[in-house]
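Text of the file query.cif, holding mmCIF, C-alpha atoms:
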data_protein
#
loop_
_atom_site.label_atom_id
_atom_site.label_comp_id
_atom_site.auth_asym_id
_atom_site.auth_seq_id
_atom_site.Cartn_x
_atom_site.Cartn_y
_atom_site.Cartn_z
CA MET G 633 3.83 17.86 16.37
CA PRO G 634 6.06 16.79 19.30
CA SER G 635 6.95 13.11 19.25
CA THR G 636 5.04 12.45 22.52
CA HIS G 637 1.87 13.90 20.99
CA LEU G 638 2.52 11.93 17.83
CA HIS G 639 2.62 8.68 19.79
CA ARG G 640 -0.61 9.57 21.61
CA ALA G 641 -2.31 10.36 18.31
CA ALA G 642 -1.11 7.16 16.61
CA PRO G 643 -4.10 4.94 17.61
CA ALA G 644 -6.60 7.53 16.37
CA LEU G 645 -4.65 8.06 13.16
CA ALA G 646 -4.42 4.33 12.52
CA LEU G 647 -8.13 3.83 13.15
CA ALA G 648 -9.06 6.79 10.94
CA LEU G 649 -6.93 5.43 8.12
CA LEU G 650 -8.41 1.94 8.39
CA LEU G 651 -11.97 3.28 8.49
CA SER G 652 -11.23 5.43 5.46
CA ILE G 653 -9.94 2.38 3.61
CA ALA G 654 -13.02 0.43 4.63
CA ALA G 655 -15.25 3.15 3.16
CA HIS G 656 -13.30 3.03 -0.08
CA ALA G 657 -13.60 -0.76 -0.19
CA ALA G 658 -17.35 -0.37 0.23
CA GLY G 659 -17.54 1.46 -3.09
CA HIS G 660 -17.13 5.15 -2.23
CA CYS G 661 -14.26 5.58 -4.61
CA GLY G 662 -15.55 6.78 -7.95
CA GLY G 663 -16.67 3.36 -9.10
CA THR G 664 -18.47 2.47 -12.31
CA SER G 665 -21.69 4.24 -13.18
CA PRO G 666 -23.10 2.57 -16.32
CA ALA G 667 -25.18 4.72 -18.61
CA ASP G 668 -28.92 4.14 -18.69
CA PRO G 669 -30.30 5.42 -22.03
CA ALA G 670 -33.88 5.02 -20.75
CA ALA G 671 -33.35 7.10 -17.60
CA SER G 672 -35.47 10.24 -17.22
CA ASP G 673 -32.57 12.06 -15.59
CA PRO G 674 -30.23 13.27 -18.38
CA LEU G 675 -27.22 12.85 -16.09
CA ARG G 676 -27.93 9.13 -15.78
CA ARG G 677 -27.90 8.62 -19.54
CA GLU G 678 -24.14 8.99 -19.66
CA VAL G 679 -21.23 7.57 -17.67
CA SER G 680 -20.46 10.01 -14.86
CA THR G 681 -17.41 12.19 -15.41
CA LEU G 682 -16.59 11.58 -11.75
CA SER G 683 -16.30 7.83 -12.22
CA MET G 684 -13.06 5.90 -12.66
CA GLU G 685 -14.66 4.19 -15.64
CA TYR G 686 -14.92 7.52 -17.44
CA TRP G 687 -11.37 8.68 -16.75
CA ALA G 688 -9.81 5.32 -17.62
CA ASP G 689 -11.08 5.88 -21.17
CA GLN G 690 -9.84 9.48 -21.53
CA PRO G 691 -6.65 10.38 -23.46
CA ALA G 692 -3.44 10.94 -21.50
CA GLY G 693 -3.18 14.30 -19.79
CA MET G 694 -2.39 15.77 -16.39
CA ILE G 695 -5.92 15.28 -15.06
CA THR G 696 -6.25 11.76 -16.49
CA CYS G 697 -2.89 10.77 -15.02
CA SER G 698 -3.90 12.11 -11.61
CA TYR G 699 -6.93 9.82 -11.71
CA GLY G 700 -4.50 6.92 -12.09
CA TYR G 701 -3.05 7.88 -8.71
CA TRP G 702 -6.55 8.00 -7.19
CA ALA G 703 -7.47 4.63 -8.75
CA ALA G 704 -4.36 3.05 -7.22
CA LYS G 705 -5.15 4.52 -3.81
CA CYS G 706 -8.67 3.11 -4.07
CA GLY G 707 -7.42 -0.34 -4.99
CA ASP G 708 -8.81 -0.19 -8.55
CA PHE G 709 -5.54 -1.43 -10.01
CA GLU G 710 -7.03 -2.39 -13.37
CA ALA G 711 -8.02 1.23 -14.01
CA ALA G 712 -4.73 2.49 -12.54
CA HIS G 713 -2.61 0.39 -14.89
CA LYS G 714 -4.76 1.37 -17.87
CA ILE G 715 -4.33 5.05 -17.08
CA PHE G 716 -0.63 4.87 -16.21
CA ASP G 717 0.22 2.91 -19.38
CA LYS G 718 -1.26 5.57 -21.66
CA CYS G 719 0.40 8.33 -19.61
CA ILE G 720 3.78 6.61 -19.73
CA ALA G 721 3.45 6.37 -23.51
CA LYS G 722 3.14 10.17 -23.52
CA GLY G 723 6.20 10.61 -21.30
CA TYR G 724 4.61 11.54 -17.95
CA GLY G 725 7.25 10.95 -15.26
CA GLY G 726 4.75 10.66 -12.41
CA ALA G 727 3.00 7.79 -14.19
CA MET G 728 6.35 6.00 -14.62
CA ILE G 729 7.00 6.18 -10.90
CA TRP G 730 3.50 5.11 -9.85
CA LYS G 731 3.47 2.25 -12.35
CA GLY G 732 6.86 1.24 -10.95
CA LEU G 733 5.47 1.18 -7.41
CA LEU G 734 2.58 -1.04 -8.51
CA LEU G 735 4.97 -3.39 -10.29
CA GLU G 736 7.29 -3.46 -7.29
CA ASP G 737 4.44 -4.41 -4.94
CA GLY G 738 2.60 -6.70 -7.36
CA SER G 739 -0.56 -4.58 -7.20
CA GLY G 740 -2.92 -5.78 -9.92
CA VAL G 741 -0.08 -7.50 -11.77
CA PRO G 742 2.63 -10.05 -10.93
CA ARG G 743 5.58 -8.52 -9.06
CA ASP G 744 8.26 -7.28 -11.43
CA PRO G 745 10.90 -5.29 -9.52
CA ALA G 746 13.21 -5.26 -12.56
CA ALA G 747 10.57 -3.50 -14.68
CA ALA G 748 9.90 -1.16 -11.75
CA ALA G 749 13.57 -0.20 -11.47
CA ALA G 750 13.71 0.43 -15.23
CA LEU G 751 10.75 2.81 -14.96
CA TYR G 752 12.34 4.66 -12.03
CA LYS G 753 15.49 5.16 -14.07
CA ARG G 754 13.46 6.26 -17.09
CA ALA G 755 11.64 8.85 -14.97
CA ALA G 756 14.99 10.03 -13.58
CA GLU G 757 16.62 10.44 -16.96
CA GLY G 758 13.90 11.31 -19.42
CA SER G 759 10.72 12.58 -17.78
CA GLY G 760 11.53 16.22 -18.56
CA ASP G 761 10.30 17.28 -15.13
CA GLU G 762 12.90 18.12 -12.46
CA ASP G 763 10.65 17.09 -9.56
CA TYR G 764 9.95 13.68 -11.06
CA ALA G 765 13.59 13.37 -12.07
CA ALA G 766 14.49 13.81 -8.41
CA LEU G 767 11.87 11.29 -7.29
CA GLY G 768 12.83 8.80 -9.98
CA SER G 769 16.49 9.15 -8.99
CA LEU G 770 15.56 8.52 -5.34
CA HIS G 771 13.62 5.36 -6.16
CA TYR G 772 16.28 4.07 -8.54
CA ALA G 773 18.99 4.75 -5.96
CA SER G 774 16.91 2.87 -3.41
CA ALA G 775 16.55 -0.10 -5.76
CA LEU G 776 20.32 -0.18 -6.26
CA HIS G 777 20.99 0.10 -2.54
CA GLU G 778 18.57 -2.73 -1.71
CA GLY G 779 19.31 -4.87 -4.77
CA ASN G 780 15.63 -4.72 -5.65
CA GLY G 781 15.19 -5.50 -9.36
CA VAL G 782 18.81 -4.64 -10.13
CA PRO G 783 22.12 -6.01 -8.81
CA ARG G 784 22.96 -4.47 -5.43
CA ASP G 785 25.55 -1.73 -5.90
CA GLU G 786 25.93 0.67 -2.97
CA ALA G 787 28.57 2.78 -4.73
CA GLU G 788 26.32 3.32 -7.76
CA ALA G 789 23.36 3.87 -5.46
CA ARG G 790 25.21 6.67 -3.70
CA LYS G 791 25.77 8.42 -7.04
CA TRP G 792 22.03 8.35 -7.70
CA PHE G 793 21.25 9.53 -4.17
CA GLU G 794 23.64 12.44 -4.78
CA ARG G 795 21.90 13.17 -8.07
CA ALA G 796 18.50 13.13 -6.37
CA ALA G 797 19.79 15.40 -3.61
CA ALA G 798 21.19 17.83 -6.17
CA LEU G 799 17.77 17.96 -7.81
CA GLY G 800 16.17 18.86 -4.49
CA SER G 801 15.18 15.57 -2.83
CA GLU G 802 15.20 15.99 0.95
CA ASP G 803 14.83 12.21 1.34
CA ALA G 804 18.04 11.71 -0.63
CA ARG G 805 19.83 14.28 1.52
CA THR G 806 18.57 12.51 4.62
CA PHE G 807 19.93 9.20 3.34
CA LEU G 808 23.32 10.70 2.54
CA GLN G 809 23.51 12.06 6.09
CA THR G 810 22.04 9.11 8.00
CA GLY G 811 22.10 6.02 5.78
CA HIS G 812 18.29 5.75 5.94
CA HIS G 813 15.21 7.37 4.42
CA THR G 814 11.46 6.74 4.32
CA GLY G 815 10.69 8.34 0.96
CA SER G 816 10.44 4.82 -0.46
CA ARG G 817 8.85 2.07 1.64
CA ASN G 818 8.11 -1.60 1.17
CA GLN G 819 4.72 -3.18 1.93
CA ARG G 820 5.67 -3.54 5.59
CA GLY G 821 6.20 0.21 5.85
CA GLU G 822 9.99 -0.12 6.13
CA GLY G 823 12.19 2.55 4.61
CA VAL G 824 15.51 2.18 2.81
CA GLY G 825 18.76 1.54 4.65
CA THR G 826 19.28 0.97 8.35
CA PRO G 827 17.20 3.18 10.69
CA ASN G 828 18.67 4.45 13.92
CA GLY G 829 17.32 3.27 17.25
CA VAL G 830 14.72 6.02 17.66
CA VAL G 831 13.12 5.34 14.27
CA ALA G 832 13.19 1.56 14.71
CA ALA G 833 11.55 1.70 18.15
CA ALA G 834 8.87 4.22 17.12
CA THR G 835 8.06 2.34 13.92
CA ALA G 836 7.76 -0.98 15.76
CA LYS G 837 5.36 0.62 18.27
CA ALA G 838 3.26 2.14 15.49
CA GLN G 839 3.11 -1.17 13.63
CA ARG G 840 1.80 -2.88 16.76
CA LEU G 841 -0.96 -0.25 16.99
CA VAL G 842 -1.87 -0.84 13.34
CA GLN G 843 -2.05 -4.60 13.95
CA GLN G 844 -4.32 -4.06 16.95
CA ALA G 845 -6.62 -1.86 14.87
CA ALA G 846 -6.63 -4.42 12.04
CA GLN G 847 -7.66 -7.18 14.44
CA SER G 848 -10.66 -5.14 15.48
CA LEU G 849 -11.66 -4.70 11.81
CA PRO G 850 -10.99 -8.18 10.36
CA ALA G 851 -13.11 -7.65 7.24
CA LEU G 852 -10.64 -5.22 5.66
CA PRO G 853 -8.85 -6.43 2.48
CA ASP G 854 -5.20 -7.43 2.73
CA TRP G 855 -3.99 -4.50 0.65
CA SER G 856 -5.42 -2.07 3.20
CA LEU G 857 -2.91 -3.29 5.77
CA ALA G 858 -0.05 -2.34 3.45
CA LEU G 859 -1.39 1.22 3.29
CA ALA G 860 -1.84 1.26 7.03
CA ALA G 861 1.78 0.19 7.45
CA ALA G 862 2.79 3.43 5.73
CA LEU G 863 1.24 5.25 8.68
CA ALA G 864 3.50 3.29 10.98
CA ALA G 865 6.53 4.46 9.06
CA LEU G 866 5.21 8.04 9.16
CA VAL G 867 4.91 7.90 12.93
CA GLY G 868 8.44 6.54 13.23
CA ALA G 869 9.83 9.15 10.88
CA GLY G 870 8.05 11.90 12.82
CA ALA G 871 9.62 10.80 16.08
CA TRP G 872 13.04 10.67 14.47
CA HIS G 873 12.54 14.09 12.89
CA GLN G 874 11.68 15.63 16.25
CA ARG G 875 14.80 14.09 17.76
CA ARG G 876 16.86 15.57 14.92
CA LEU G 877 15.42 19.01 15.59
CA ALA G 878 16.78 18.83 19.12
CA ARG G 879 20.31 18.20 17.85
CA PRO G 880 22.66 20.43 15.85
CA ALA G 881 22.02 19.91 12.16
CA ALA G 882 24.40 17.60 10.33
CA PRO G 883 26.43 19.27 7.57
CA ARG G 884 24.70 19.09 4.20
CA VAL G 885 26.32 16.72 1.75
CA ALA G 886 27.75 18.57 -1.21
CA ALA G 887 26.34 17.80 -4.64
CA PRO G 888 28.63 16.35 -7.34
CA ARG G 889 30.52 18.99 -9.31
CA ALA G 890 28.64 18.19 -12.51
CA LEU G 891 25.36 18.97 -10.77
CA ASP G 892 26.41 22.06 -8.78
CA ARG G 893 24.67 24.39 -11.18
CA ILE G 894 21.29 22.73 -10.67
CA ALA G 895 21.51 21.92 -6.95
CA GLN G 896 18.95 23.73 -4.91
CA ALA G 897 19.95 25.83 -1.95
#
Produce structure tokens that represent the structure in this file.
Amino acid sequence: MPSTHLHRAAPALALALLLSIAAHAAGHCGGTSPADPAASDPLRREVSTLSMEYWADQPAGMITCSYGYWAAKCGDFEAAHKIFDKCIAKGYGGAMIWKGLLLEDGSGVPRDPAAAAALYKRAAEGSGDEDYAALGSLHYASALHEGNGVPRDEAEARKWFERAAALGSEDARTFLQTGHHTGSRNQRGEGVGTPNGVVAAATAKAQRLVQQAAQSLPALPDWSLALAAALAALVGAGAWHQRRLARPAAPRVAAPRALDRIAQA
């Protein structure tokens, strides 16, 4: 989508996101469905398999872990942590990263960026899944670059960005080329590093639109605004991406020698 169209669509996108969040907050998110042994309908005698309550009690597995993601998106952080903890115990890299994000933001638990950074590194080194290893490396590199939960170390951060890039992370490659990426954002929707002028201006404009939409829907919970801020970053990143497409591509940063054999083309 051209950047001009993206800017025109931003108010509608922001409003759609906020309305979607409002619907979730109203209970349309797989909430509890307590069993009623006396019900005539057999389906009402058991907890619904579509409910978060049901999946929070299931053993760790790919489907169970995916429900942890959905629970977090719905704001049911108690269920999300319960699911992610059992999945982490079984070595699921995606659960490590999502639990880290919740710890970093203080969603359902006190903020603990140090524990978050440790989980990112664990996912990077021991998840057994190359995609999650790349994502964990990206988040751990970002923590090092920002000094978020670990001592700030830009040189060490660059090594982890290079590792993530070698494993296929486009966000890491973008950071190595530009000094900024939006694959990891804080609660204000800001990415990692210093954005160029196009991204900064577009993001600021999108954030103003989100604030205007929030003022028209004052009953929304505070956490919904953090999710809406991610839309602002998306709009900014889209404008920057379109500007990049109009310029000659920057040379790709070479992967470290030790990772050449696993770098993706």
- Could you name the residues that touch stretch 697-705 of chain G at 9 Å or less, counting all atoms listed in the file, but leaving out those on the same chain fewer than 6 positions away, as a PyMOL selection string? chain G and resi 661-662+684+687-688+711-716+718-719+724+726-727+730+734+739+859
- Task: Could you tell me which residues the PyMOL selection byres ((chain G and resi 793-796) around 9) grabs in this file, written as a ChimeraX atom specification?
- Result: /G:756,765-774,788-792,797-805,807-808,885-888,891,895
- Enter the distance from atom CA of G:Val782 to atom CA of G:Tyr752, in Å, rounded to one decimal. 11.5 Å
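Residue nearest G:His777, chosen from G:Cys706, G:Val824, G:Ile695, G:Ala749 and counting only C-alpha atoms: G:Val824.
When atom CA of G:Ala748 is paired with atom CA of G:Gly815, their separation reads 15.9 Å.
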- Which value, in Å to one decimal, gives the distance between atom CA of G:Pro691 and atom CA of G:Glu710? 16.3 Å
